[in-house]
file structure-v4.json (JSON, C-alpha atoms)
[["chain", "number", "residue", "atom", "x", "y", "z"],
["A", 1, "MET", "CA", 56.33, -11.83, 40.96],
["A", 2, "TRP", "CA", 54.83, -13.32, 37.84],
["A", 3, "LYS", "CA", 56.31, -15.30, 34.95],
["A", 4, "TYR", "CA", 54.61, -15.76, 31.63],
["A", 5, "GLU", "CA", 53.49, -19.18, 30.45],
["A", 6, "LYS", "CA", 53.28, -19.08, 26.65],
["A", 7, "ARG", "CA", 49.81, -20.61, 26.22],
["A", 8, "LEU", "CA", 46.19, -19.75, 27.00],
["A", 9, "GLN", "CA", 44.51, -21.40, 29.99],
["A", 10, "TYR", "CA", 41.92, -22.75, 27.51],
["A", 11, "PRO", "CA", 42.39, -22.66, 23.71],
["A", 12, "VAL", "CA", 40.87, -19.89, 21.55],
["A", 13, "ASN", "CA", 40.77, -20.69, 17.82],
["A", 14, "ILE", "CA", 38.25, -18.52, 15.95],
["A", 15, "SER", "CA", 38.31, -18.74, 12.16],
["A", 16, "THR", "CA", 35.46, -16.34, 11.28],
["A", 17, "PRO", "CA", 35.75, -12.64, 12.25],
["A", 18, "ASN", "CA", 32.69, -10.99, 13.79],
["A", 19, "PRO", "CA", 33.36, -7.37, 14.79],
["A", 20, "LYS", "CA", 29.81, -6.89, 16.07],
["A", 21, "LEU", "CA", 30.32, -9.67, 18.62],
["A", 22, "ALA", "CA", 33.81, -8.38, 19.48],
["A", 23, "GLN", "CA", 32.26, -5.07, 20.58],
["A", 24, "VAL", "CA", 30.08, -6.95, 23.08],
["A", 25, "ILE", "CA", 32.74, -9.36, 24.37],
["A", 26, "ILE", "CA", 35.27, -6.55, 24.96],
["A", 27, "SER", "CA", 33.22, -5.72, 28.06],
["A", 28, "GLN", "CA", 34.83, -8.72, 29.73],
["A", 29, "PHE", "CA", 38.24, -7.18, 28.91],
["A", 30, "GLY", "CA", 37.79, -3.73, 30.46],
["A", 31, "GLY", "CA", 34.16, -3.48, 31.52],
["A", 32, "PRO", "CA", 32.65, -3.19, 35.02],
["A", 33, "ASP", "CA", 32.49, -6.95, 35.60],
["A", 34, "GLY", "CA", 35.43, -7.85, 33.35],
["A", 35, "GLU", "CA", 38.58, -9.85, 33.89],
["A", 36, "LEU", "CA", 40.91, -6.85, 34.33],
["A", 37, "ALA", "CA", 38.78, -5.52, 37.19],
["A", 38, "ALA", "CA", 38.62, -9.04, 38.65],
["A", 39, "SER", "CA", 42.38, -9.50, 38.66],
["A", 40, "MET", "CA", 43.11, -6.01, 40.03],
["A", 41, "ARG", "CA", 40.42, -6.45, 42.72],
["A", 42, "TYR", "CA", 41.92, -9.66, 44.13],
["A", 43, "LEU", "CA", 45.57, -8.76, 43.71],
["A", 44, "SER", "CA", 44.94, -5.41, 45.47],
["A", 45, "GLN", "CA", 42.88, -6.82, 48.34],
["A", 46, "ARG", "CA", 45.37, -9.49, 49.32],
["A", 47, "TYR", "CA", 48.03, -7.33, 51.01],
["A", 48, "THR", "CA", 46.01, -6.57, 54.13],
["A", 49, "MET", "CA", 43.99, -9.81, 54.11],
["A", 50, "PRO", "CA", 44.11, -11.76, 57.34],
["A", 51, "TYR", "CA", 44.19, -15.60, 57.31],
["A", 52, "LYS", "CA", 46.58, -17.54, 55.14],
["A", 53, "GLU", "CA", 43.80, -19.29, 53.16],
["A", 54, "CYS", "CA", 42.41, -15.91, 52.02],
["A", 55, "LYS", "CA", 45.87, -14.62, 51.04],
["A", 56, "GLY", "CA", 46.53, -17.74, 48.98],
["A", 57, "LEU", "CA", 43.11, -17.71, 47.33],
["A", 58, "LEU", "CA", 43.29, -14.03, 46.33],
["A", 59, "THR", "CA", 46.77, -14.55, 44.89],
["A", 60, "ASP", "CA", 45.79, -17.63, 42.88],
["A", 61, "ILE", "CA", 42.40, -16.42, 41.62],
["A", 62, "GLY", "CA", 43.90, -12.99, 40.84],
["A", 63, "THR", "CA", 46.54, -14.77, 38.78],
["A", 64, "GLU", "CA", 43.99, -16.94, 36.97],
["A", 65, "GLU", "CA", 41.99, -13.81, 36.10],
["A", 66, "LEU", "CA", 45.04, -12.42, 34.28],
["A", 67, "GLY", "CA", 44.92, -15.59, 32.19],
["A", 68, "HIS", "CA", 41.23, -14.96, 31.53],
["A", 69, "LEU", "CA", 42.03, -11.38, 30.48],
["A", 70, "GLU", "CA", 44.41, -12.89, 27.95],
["A", 71, "MET", "CA", 41.73, -15.29, 26.67],
["A", 72, "ILE", "CA", 39.22, -12.43, 26.20],
["A", 73, "GLY", "CA", 41.96, -10.45, 24.44],
["A", 74, "ALA", "CA", 42.53, -13.41, 22.12],
["A", 75, "ILE", "CA", 38.80, -13.72, 21.38],
["A", 76, "VAL", "CA", 38.43, -10.01, 20.57],
["A", 77, "TYR", "CA", 41.64, -10.03, 18.51],
["A", 78, "GLN", "CA", 40.56, -13.03, 16.45],
["A", 79, "LEU", "CA", 37.05, -11.61, 15.94],
["A", 80, "THR", "CA", 38.50, -8.39, 14.47],
["A", 81, "ARG", "CA", 41.31, -9.89, 12.37],
["A", 82, "GLY", "CA", 41.55, -9.02, 8.67],
["A", 83, "LEU", "CA", 38.56, -6.65, 8.47],
["A", 84, "THR", "CA", 37.94, -4.44, 5.44],
["A", 85, "PRO", "CA", 36.89, -0.78, 5.88],
["A", 86, "ASP", "CA", 33.43, -1.72, 4.56],
["A", 87, "GLU", "CA", 33.06, -4.46, 7.18],
["A", 88, "ILE", "CA", 34.19, -2.04, 9.90],
["A", 89, "VAL", "CA", 31.52, 0.50, 8.95],
["A", 90, "ALA", "CA", 28.76, -2.08, 8.41],
["A", 91, "SER", "CA", 29.33, -3.70, 11.83],
["A", 92, "GLY", "CA", 29.44, -0.44, 13.77],
["A", 93, "PHE", "CA", 33.04, -1.14, 14.77],
["A", 94, "ASP", "CA", 34.07, 2.22, 13.25],
["A", 95, "LYS", "CA", 33.68, 4.17, 16.49],
["A", 96, "TYR", "CA", 36.18, 1.90, 18.26],
["A", 97, "TYR", "CA", 38.42, 1.58, 15.20],
["A", 98, "VAL", "CA", 38.95, 5.31, 14.83],
["A", 99, "ASP", "CA", 40.67, 5.51, 18.24],
["A", 100, "HIS", "CA", 42.31, 2.08, 18.52],
["A", 101, "THR", "CA", 42.38, 0.56, 14.99],
["A", 102, "THR", "CA", 42.07, -3.15, 15.89],
["A", 103, "ALA", "CA", 44.27, -3.00, 19.00],
["A", 104, "LEU", "CA", 42.97, -4.16, 22.37],
["A", 105, "TRP", "CA", 42.01, -1.38, 24.79],
["A", 106, "PRO", "CA", 40.21, -1.95, 28.09],
["A", 107, "GLN", "CA", 36.69, -0.55, 27.82],
["A", 108, "ALA", "CA", 33.11, -1.63, 28.42],
["A", 109, "ALA", "CA", 30.86, -2.56, 25.49],
["A", 110, "GLY", "CA", 29.27, 0.90, 25.71],
["A", 111, "GLY", "CA", 32.65, 2.59, 25.26],
["A", 112, "VAL", "CA", 33.21, 3.53, 28.93],
["A", 113, "PRO", "CA", 36.95, 3.22, 29.66],
["A", 114, "PHE", "CA", 38.30, 0.87, 32.31],
["A", 115, "ASN", "CA", 38.23, 2.54, 35.70],
["A", 116, "ALA", "CA", 39.38, 1.38, 39.14],
["A", 117, "ASN", "CA", 35.98, 2.51, 40.44],
["A", 118, "GLN", "CA", 34.70, -0.70, 38.84],
["A", 119, "PHE", "CA", 36.04, -2.65, 41.81],
["A", 120, "GLN", "CA", 36.62, -2.18, 45.51],
["A", 121, "SER", "CA", 39.49, -2.99, 47.84],
["A", 122, "LYS", "CA", 37.93, -2.04, 51.16],
["A", 123, "GLY", "CA", 40.32, -3.35, 53.76],
["A", 124, "ASP", "CA", 37.66, -5.37, 55.62],
["A", 125, "VAL", "CA", 37.66, -9.10, 54.97],
["A", 126, "ILE", "CA", 33.89, -9.62, 55.25],
["A", 127, "THR", "CA", 33.20, -6.65, 52.98],
["A", 128, "ASP", "CA", 35.81, -7.71, 50.43],
["A", 129, "LEU", "CA", 34.76, -11.36, 50.28],
["A", 130, "HIS", "CA", 31.15, -10.32, 49.70],
["A", 131, "GLU", "CA", 32.40, -7.93, 46.99],
["A", 132, "ASN", "CA", 34.25, -10.85, 45.39],
["A", 133, "MET", "CA", 31.30, -13.25, 45.53],
["A", 134, "ALA", "CA", 29.09, -10.57, 43.95],
["A", 135, "ALA", "CA", 31.75, -9.89, 41.32],
["A", 136, "GLU", "CA", 31.90, -13.56, 40.31],
["A", 137, "GLN", "CA", 28.11, -13.66, 39.94],
["A", 138, "LYS", "CA", 28.07, -10.41, 37.93],
["A", 139, "ALA", "CA", 30.69, -11.83, 35.59],
["A", 140, "ARG", "CA", 28.69, -15.07, 35.30],
["A", 141, "THR", "CA", 25.60, -13.07, 34.33],
["A", 142, "THR", "CA", 27.63, -11.14, 31.75],
["A", 143, "TYR", "CA", 28.85, -14.42, 30.22],
["A", 144, "ASP", "CA", 25.24, -15.69, 30.17],
["A", 145, "ASN", "CA", 24.23, -12.49, 28.36],
["A", 146, "ILE", "CA", 27.09, -12.93, 25.87],
["A", 147, "LEU", "CA", 26.20, -16.60, 25.26],
["A", 148, "ARG", "CA", 22.64, -15.64, 24.21],
["A", 149, "LEU", "CA", 24.15, -13.58, 21.39],
["A", 150, "VAL", "CA", 26.80, -16.06, 20.21],
["A", 151, "LYS", "CA", 26.04, -18.53, 17.43],
["A", 152, "ASP", "CA", 29.62, -19.46, 16.51],
["A", 153, "HIS", "CA", 30.68, -22.50, 18.58],
["A", 154, "GLU", "CA", 34.34, -21.45, 18.25],
["A", 155, "VAL", "CA", 33.42, -18.38, 20.31],
["A", 156, "ALA", "CA", 30.89, -20.01, 22.63],
["A", 157, "ASP", "CA", 33.28, -22.79, 23.71],
["A", 158, "PRO", "CA", 35.91, -20.62, 25.47],
["A", 159, "ILE", "CA", 33.17, -18.28, 26.80],
["A", 160, "ARG", "CA", 31.48, -21.30, 28.44],
["A", 161, "PHE", "CA", 34.80, -22.24, 30.04],
["A", 162, "LEU", "CA", 35.15, -18.71, 31.47],
["A", 163, "ARG", "CA", 31.55, -18.76, 32.73],
["A", 164, "GLN", "CA", 32.21, -22.02, 34.55],
["A", 165, "ARG", "CA", 35.29, -20.57, 36.27],
["A", 166, "GLU", "CA", 33.15, -17.75, 37.71],
["A", 167, "ILE", "CA", 31.04, -20.39, 39.45],
["A", 168, "VAL", "CA", 34.10, -22.19, 40.88],
["A", 169, "HIS", "CA", 35.59, -18.90, 42.11],
["A", 170, "TYR", "CA", 32.26, -17.98, 43.74],
["A", 171, "GLN", "CA", 32.33, -21.30, 45.58],
["A", 172, "ARG", "CA", 35.92, -20.78, 46.78],
["A", 173, "PHE", "CA", 35.23, -17.22, 47.98],
["A", 174, "GLY", "CA", 32.23, -18.59, 49.89],
["A", 175, "GLU", "CA", 34.57, -21.04, 51.61],
["A", 176, "ALA", "CA", 36.98, -18.20, 52.41],
["A", 177, "LEU", "CA", 34.06, -16.33, 54.03],
["A", 178, "ARG", "CA", 33.22, -19.42, 56.12],
["A", 179, "ILE", "CA", 36.88, -19.72, 57.22],
["A", 180, "THR", "CA", 36.88, -16.01, 58.11],
["A", 181, "GLN", "CA", 33.72, -16.30, 60.19],
["A", 182, "GLU", "CA", 35.20, -19.27, 62.06],
["A", 183, "HIS", "CA", 37.97, -16.93, 63.23],
["A", 184, "LEU", "CA", 35.49, -14.32, 64.47],
["A", 185, "ASP", "CA", 32.89, -14.03, 67.22],
["A", 186, "SER", "CA", 29.78, -15.80, 65.91],
["A", 187, "ARG", "CA", 27.57, -13.47, 68.00],
["A", 188, "ASN", "CA", 28.97, -10.42, 66.22],
["A", 189, "PHE", "CA", 31.11, -10.91, 63.11],
["A", 190, "TYR", "CA", 31.49, -7.13, 62.91],
["A", 191, "ALA", "CA", 32.77, -6.59, 66.47],
["A", 192, "PHE", "CA", 36.13, -5.62, 64.98],
["A", 193, "ASN", "CA", 37.83, -5.54, 61.59],
["A", 194, "PRO", "CA", 40.66, -8.11, 61.63],
["A", 195, "GLU", "CA", 42.40, -6.23, 58.79],
["A", 196, "PHE", "CA", 42.76, -3.10, 60.93],
["A", 197, "ASP", "CA", 41.75, -3.51, 64.55],
["A", 198, "ALA", "CA", 43.64, -6.74, 65.20],
["A", 199, "PRO", "CA", 47.39, -6.56, 65.85],
["A", 200, "VAL", "CA", 49.55, -7.29, 62.80],
["A", 201, "PHE", "CA", 52.39, -9.73, 63.37],
["A", 202, "CYS", "CA", 55.50, -9.89, 61.25],
["A", 203, "GLN", "CA", 55.28, -13.65, 60.95],
["A", 204, "ALA", "CA", 52.36, -16.06, 60.91],
["A", 205, "ALA", "CA", 49.62, -14.44, 62.94],
["A", 206, "PRO", "CA", 48.30, -16.58, 65.82],
["A", 207, "MET", "CA", 44.84, -16.53, 64.26],
["A", 208, "SER", "CA", 45.96, -18.32, 61.09],
["A", 209, "THR", "CA", 46.24, -21.81, 62.52],
["A", 210, "SER", "CA", 43.48, -23.70, 60.70],
["A", 211, "GLY", "CA", 44.51, -26.28, 58.16],
["A", 212, "ASN", "CA", 47.67, -27.29, 59.99],
["A", 213, "ASN", "CA", 46.20, -30.52, 61.27],
["A", 214, "CYS", "CA", 47.39, -32.47, 58.25],
["A", 215, "ALA", "CA", 48.64, -35.96, 59.08],
["A", 216, "CYS", "CA", 51.47, -35.85, 56.53],
["A", 217, "SER", "CA", 54.94, -36.55, 57.93],
["A", 218, "ASN", "CA", 56.45, -33.54, 56.15],
["A", 219, "SER", "CA", 53.99, -31.02, 57.60],
["B", 1, "MET", "CA", 50.44, -33.35, 16.66],
["B", 2, "LYS", "CA", 51.59, -29.98, 17.99],
["B", 3, "ASN", "CA", 48.02, -29.35, 19.13],
["B", 4, "GLU", "CA", 47.94, -32.70, 20.90],
["B", 5, "TYR", "CA", 51.07, -31.78, 22.91],
["B", 6, "LEU", "CA", 49.44, -28.48, 23.85],
["B", 7, "HIS", "CA", 46.19, -30.24, 24.75],
["B", 8, "GLN", "CA", 48.07, -32.42, 27.24],
["B", 9, "VAL", "CA", 49.61, -29.32, 28.88],
["B", 10, "ASP", "CA", 46.22, -27.57, 28.94],
["B", 11, "MET", "CA", 44.46, -30.53, 30.58],
["B", 12, "ALA", "CA", 47.11, -31.19, 33.23],
["B", 13, "GLY", "CA", 47.61, -27.45, 33.81],
["B", 14, "PHE", "CA", 43.90, -26.96, 34.33],
["B", 15, "ALA", "CA", 43.68, -29.84, 36.83],
["B", 16, "LEU", "CA", 46.51, -28.19, 38.73],
["B", 17, "ASP", "CA", 44.92, -24.69, 38.59],
["B", 18, "ASP", "CA", 41.63, -26.05, 39.89],
["B", 19, "VAL", "CA", 42.96, -28.21, 42.73],
["B", 20, "VAL", "CA", 45.21, -25.36, 43.92],
["B", 21, "LEU", "CA", 42.16, -23.14, 44.49],
["B", 22, "TYR", "CA", 40.47, -25.98, 46.39],
["B", 23, "LEU", "CA", 43.60, -26.53, 48.50],
["B", 24, "ASP", "CA", 43.81, -22.81, 49.30],
["B", 25, "THR", "CA", 40.58, -23.17, 51.28],
["B", 26, "HIS", "CA", 41.14, -26.84, 52.32],
["B", 27, "PRO", "CA", 44.89, -26.97, 53.08],
["B", 28, "GLY", "CA", 44.48, -29.99, 55.36],
["B", 29, "ASP", "CA", 42.66, -32.21, 52.82],
["B", 30, "THR", "CA", 45.01, -35.18, 52.32],
["B", 31, "GLU", "CA", 43.00, -36.62, 49.39],
["B", 32, "ALA", "CA", 43.27, -33.30, 47.56],
["B", 33, "MET", "CA", 47.00, -33.21, 48.32],
["B", 34, "LYS", "CA", 47.35, -36.60, 46.59],
["B", 35, "TYR", "CA", 45.42, -35.28, 43.59],
["B", 36, "TYR", "CA", 47.67, -32.18, 43.55],
["B", 37, "GLN", "CA", 50.80, -34.35, 43.47],
["B", 38, "MET", "CA", 49.37, -36.47, 40.64],
["B", 39, "ALA", "CA", 48.28, -33.40, 38.63],
["B", 40, "ARG", "CA", 51.61, -31.68, 39.18],
["B", 41, "GLU", "CA", 53.54, -34.70, 37.89],
["B", 42, "LYS", "CA", 51.34, -34.97, 34.78],
["B", 43, "TYR", "CA", 51.75, -31.23, 34.17],
["B", 44, "ARG", "CA", 55.54, -31.40, 34.52],
["B", 45, "GLN", "CA", 55.72, -34.28, 32.06],
["B", 46, "ALA", "CA", 53.41, -32.57, 29.57],
["B", 47, "VAL", "CA", 55.45, -29.32, 29.75],
["B", 48, "GLU", "CA", 58.66, -31.29, 29.22],
["B", 49, "VAL", "CA", 57.28, -33.05, 26.13],
["B", 50, "TYR", "CA", 55.83, -29.82, 24.70],
["B", 51, "THR", "CA", 59.09, -27.93, 25.26],
["B", 52, "ALA", "CA", 61.11, -30.66, 23.52],
["B", 53, "GLN", "CA", 58.68, -31.19, 20.61],
["B", 54, "VAL", "CA", 57.26, -27.69, 20.00],
["B", 55, "GLY", "CA", 59.12, -24.98, 21.92],
["B", 56, "PRO", "CA", 59.53, -23.26, 25.26],
["B", 57, "LEU", "CA", 56.50, -22.40, 27.40],
["B", 58, "PHE", "CA", 58.71, -20.47, 29.85],
["B", 59, "MET", "CA", 61.47, -17.99, 29.04],
["B", 60, "ALA", "CA", 63.82, -19.96, 31.30],
["B", 61, "ASP", "CA", 63.35, -23.12, 29.16],
["B", 62, "VAL", "CA", 64.69, -21.85, 25.83],
["B", 63, "PRO", "CA", 67.02, -24.55, 24.45],
["B", 64, "GLU", "CA", 70.65, -23.80, 23.69],
["B", 65, "SER", "CA", 70.87, -22.54, 20.12],
["B", 66, "CYS", "CA", 72.18, -19.64, 18.08],
["B", 67, "THR", "CA", 68.65, -18.18, 17.89],
["B", 68, "PHE", "CA", 66.19, -17.29, 20.63],
["B", 69, "SER", "CA", 63.14, -19.51, 19.99],
["B", 70, "TRP", "CA", 61.11, -17.83, 22.77],
["B", 71, "VAL", "CA", 59.95, -15.26, 20.20],
["B", 72, "ASP", "CA", 58.88, -17.88, 17.66],
["B", 73, "GLU", "CA", 55.29, -17.59, 16.44],
["B", 74, "PRO", "CA", 52.49, -18.29, 16.94],
["B", 75, "TRP", "CA", 51.98, -16.45, 20.21],
["B", 76, "PRO", "CA", 49.07, -17.81, 22.26],
["B", 77, "TRP", "CA", 46.46, -15.32, 21.02],
["B", 78, "GLU", "CA", 47.22, -16.05, 17.36],
["B", 79, "GLY", "CA", 45.19, -19.25, 17.01],
["B", 80, "GLY", "CA", 42.40, -19.92, 14.53],
["B", 81, "CYS", "CA", 44.33, -19.26, 11.33],
["B", 82, "ALA", "CA", 44.32, -22.11, 8.82]]

call {"tool": "encode", "arguments": {"input": "structure-v4.json", "output": "structure tokens"}}
result
Amino acid sequence: MWKYEKRLQYPVNISTPNPKLAQVIISQFGGPDGELAASMRYLSQRYTMPYKECKGLLTDIGTEELGHLEMIGAIVYQLTRGLTPDEIVASGFDKYYVDHTTALWPQAAGGVPFNANQFQSKGDVITDLHENMAAEQKARTTYDNILRLVKDHEVADPIRFLRQREIVHYQRFGEALRITQEHLDSRNFYAFNPEFDAPVFCQAAPMSTSGNNCACSNS
Amino acid sequence: MKNEYLHQVDMAGFALDDVVLYLDTHPGDTEAMKYYQMAREKYRQAVEVYTAQVGPLFMADVPESCTFSWVDEPWPWEGGCA
């Protein structure tokens, strides 16, 4: 389950509205490489994931992505706060405004609604970890694209934080892929799919033994 | 001052978030486990101070009172107003 912590992972304090920029940044709310897709991707994949490290990582990154969704929501909200009808028309925000006023709704910058087809949960650990590494890089590119358009440091600062997290997540998913390959036959990683072809045990599967060699007395 | 209390929670909370991801893929790293324990203690202390000085971060930490301060503003997305 989840419990709410009443703060953002990184502060968002934007004093100057900019509806034009909000229409671009909303892509990281509900767009193809956005935070909603990221969270749903990892939290969906984890059920059938083999290997305890991968289950933990998908749970924790999927949770952090929900926090990033909240940060993007805060950025878009603060960029569209207190607008006049004239400002809405002049910025081109009118086409969004007519359907949603200034509420948050998950869509891409081009107006395409959020869709589960924007991510995959394939049920094959090698496939899914590659999907996740690609997803982190696509999100990093999107943040780079956003940063080229942002001049307000109050907006750029939290966007840079989010960009950096994509890089850390990419690194961690790469480690999860290495751990996965260590469990498999190095001559043919695709000989079988451990999410389907391997027997499923009700308790800790015999394959998930790495990382238990800790010297702590309470292990 | 309120912002300083929040800043302490944000910093310690971030250290914890980051080391947890590292530990997920390196569960046997004893140095990282020490860092986790240090970060967790700092985070707990910062949350305790924030809760006492500003308000609850968790719905289970609302202090005894005749009103429910969990709903007190600002909510996290409402920053940036003077």

call {"tool": "closest_atom_pairs", "arguments": {"input": "structure-v4.json", "of": "chain B", "to": "chain A", "cutoff": "7 Å", "atoms": "all atoms listed in the file", "output": "CSV"}}
result
residue,atom,partner,partner_atom,distance
B:Asp10,CA,A:Gln9,CA,6.5
B:Leu21,CA,A:Leu57,CA,6.2
B:Tyr22,CA,A:Arg172,CA,6.9
B:Asp24,CA,A:Glu53,CA,5.2
B:Thr25,CA,A:Glu53,CA,5.4
B:His26,CA,A:Gly211,CA,6.8
B:Pro27,CA,A:Gly211,CA,5.1
B:Gly28,CA,A:Gly211,CA,4.6
B:Thr30,CA,A:Cys214,CA,6.9
B:Leu57,CA,A:Lys6,CA,4.7
B:Phe58,CA,A:Glu5,CA,5.4
B:Pro76,CA,A:Arg7,CA,4.9
B:Trp77,CA,A:Ala74,CA,4.5
B:Gly79,CA,A:Asn13,CA,4.7
B:Gly80,CA,A:Asn13,CA,3.8
B:Cys81,CA,A:Ser15,CA,6.1

call {"tool": "closest_residue", "arguments": {"input": "structure-v4.json", "among": "A:Gln164, A:Thr84, A:Asn188, A:Asn132", "to": "Asp144 (chain A)", "atoms": "only C-alpha atoms"}}
result
A:Gln164

call {"tool": "atom_distance", "arguments": {"input": "structure-v4.json", "atom1": "CA of Asp197 (chain A)", "atom2": "CA of Asp124 (chain A)"}}
result
10.0 Å

call {"tool": "residues_around", "arguments": {"input": "structure-v4.json", "residues": "Val54 (chain B)", "least_positions_apart": "2", "cutoff": "8 Å", "atoms": "all atoms listed in the file", "output": "list in words"}}
result
Lys2, Tyr5, Tyr50, Thr51, Ala52 and Pro56 of chain B

call {"tool": "closest_residue", "arguments": {"input": "structure-v4.json", "among": "A:Tyr190, A:Trp2, A:Tyr42, A:Tyr51", "to": "Ala135 (chain A)", "atoms": "only C-alpha atoms"}}
result
A:Tyr42

call {"tool": "atom_distance", "arguments": {"input": "structure-v4.json", "atom1": "CA of Val62 (chain B)", "atom2": "CA of Met11 (chain B)"}}
result
22.5 Å

call {"tool": "atom_distance", "arguments": {"input": "structure-v4.json", "atom1": "CA of Thr63 (chain A)", "atom2": "CA of Ala139 (chain A)"}}
result
16.4 Å

call {"tool": "residues_around", "arguments": {"input": "structure-v4.json", "residues": "Asn145 (chain A)", "least_positions_apart": "3", "cutoff": "12 Å", "atoms": "all atoms listed in the file", "output": "ChimeraX atom specification"}}
result
/A:21,24-25,27-28,138-142,148-150,156,159-160,163

call {"tool": "closest_residue", "arguments": {"input": "structure-v4.json", "among": "B:Glu78, B:Glu31, B:Glu64, B:Glu48", "to": "Val19 (chain B)", "atoms": "all atoms listed in the file"}}
result
B:Glu31

call {"tool": "build_atoms", "arguments": {"input": "structure-v4.json", "residues": "region 127-145 of chain A", "atoms": "N, CA and C atoms", "output": "PDB file, keeping the file's coordinate frame"}}
result
ATOM      1  N   THR A 127      33.643  -7.520  54.088  1.00  0.00           N
ATOM      2  CA  THR A 127      33.200  -6.650  52.980  1.00  0.00           C
ATOM      3  C   THR A 127      33.815  -7.116  51.665  1.00  0.00           C
ATOM      4  N   ASP A 128      35.131  -7.358  51.667  1.00  0.00           N
ATOM      5  CA  ASP A 128      35.810  -7.710  50.430  1.00  0.00           C
ATOM      6  C   ASP A 128      35.388  -9.081  49.902  1.00  0.00           C
ATOM      7  N   LEU A 129      35.180 -10.041  50.779  1.00  0.00           N
ATOM      8  CA  LEU A 129      34.760 -11.360  50.280  1.00  0.00           C
ATOM      9  C   LEU A 129      33.351 -11.316  49.709  1.00  0.00           C
ATOM     10  N   HIS A 130      32.481 -10.497  50.306  1.00  0.00           N
ATOM     11  CA  HIS A 130      31.150 -10.320  49.700  1.00  0.00           C
ATOM     12  C   HIS A 130      31.262  -9.620  48.350  1.00  0.00           C
ATOM     13  N   GLU A 131      32.134  -8.614  48.272  1.00  0.00           N
ATOM     14  CA  GLU A 131      32.400  -7.930  46.990  1.00  0.00           C
ATOM     15  C   GLU A 131      32.822  -8.968  45.936  1.00  0.00           C
ATOM     16  N   ASN A 132      33.698  -9.884  46.340  1.00  0.00           N
ATOM     17  CA  ASN A 132      34.250 -10.850  45.390  1.00  0.00           C
ATOM     18  C   ASN A 132      33.202 -11.861  44.949  1.00  0.00           C
ATOM     19  N   MET A 133      32.368 -12.306  45.898  1.00  0.00           N
ATOM     20  CA  MET A 133      31.300 -13.250  45.530  1.00  0.00           C
ATOM     21  C   MET A 133      30.321 -12.584  44.580  1.00  0.00           C
ATOM     22  N   ALA A 134      29.983 -11.309  44.864  1.00  0.00           N
ATOM     23  CA  ALA A 134      29.090 -10.570  43.950  1.00  0.00           C
ATOM     24  C   ALA A 134      29.746 -10.403  42.590  1.00  0.00           C
ATOM     25  N   ALA A 135      31.041 -10.104  42.587  1.00  0.00           N
ATOM     26  CA  ALA A 135      31.750  -9.890  41.320  1.00  0.00           C
ATOM     27  C   ALA A 135      31.725 -11.145  40.460  1.00  0.00           C
ATOM     28  N   GLU A 136      31.921 -12.303  41.077  1.00  0.00           N
ATOM     29  CA  GLU A 136      31.900 -13.560  40.310  1.00  0.00           C
ATOM     30  C   GLU A 136      30.516 -13.798  39.711  1.00  0.00           C
ATOM     31  N   GLN A 137      29.465 -13.481  40.478  1.00  0.00           N
ATOM     32  CA  GLN A 137      28.110 -13.660  39.940  1.00  0.00           C
ATOM     33  C   GLN A 137      27.816 -12.650  38.829  1.00  0.00           C
ATOM     34  N   LYS A 138      28.300 -11.424  38.980  1.00  0.00           N
ATOM     35  CA  LYS A 138      28.070 -10.410  37.930  1.00  0.00           C
ATOM     36  C   LYS A 138      28.778 -10.826  36.641  1.00  0.00           C
ATOM     37  N   ALA A 139      29.972 -11.366  36.779  1.00  0.00           N
ATOM     38  CA  ALA A 139      30.690 -11.830  35.590  1.00  0.00           C
ATOM     39  C   ALA A 139      29.974 -13.025  34.959  1.00  0.00           C
ATOM     40  N   ARG A 140      29.447 -13.914  35.819  1.00  0.00           N
ATOM     41  CA  ARG A 140      28.690 -15.070  35.300  1.00  0.00           C
ATOM     42  C   ARG A 140      27.470 -14.600  34.522  1.00  0.00           C
ATOM     43  N   THR A 141      26.756 -13.620  35.049  1.00  0.00           N
ATOM     44  CA  THR A 141      25.600 -13.070  34.330  1.00  0.00           C
ATOM     45  C   THR A 141      26.027 -12.469  32.992  1.00  0.00           C
ATOM     46  N   THR A 142      27.148 -11.741  32.999  1.00  0.00           N
ATOM     47  CA  THR A 142      27.630 -11.140  31.750  1.00  0.00           C
ATOM     48  C   THR A 142      27.932 -12.228  30.722  1.00  0.00           C
ATOM     49  N   TYR A 143      28.574 -13.317  31.158  1.00  0.00           N
ATOM     50  CA  TYR A 143      28.850 -14.420  30.220  1.00  0.00           C
ATOM     51  C   TYR A 143      27.543 -15.059  29.734  1.00  0.00           C
ATOM     52  N   ASP A 144      26.537 -15.178  30.616  1.00  0.00           N
ATOM     53  CA  ASP A 144      25.240 -15.690  30.170  1.00  0.00           C
ATOM     54  C   ASP A 144      24.650 -14.768  29.102  1.00  0.00           C
ATOM     55  N   ASN A 145      24.756 -13.452  29.334  1.00  0.00           N
ATOM     56  CA  ASN A 145      24.230 -12.490  28.360  1.00  0.00           C
ATOM     57  C   ASN A 145      24.969 -12.604  27.029  1.00  0.00           C
TER      58      ASN A 145
END
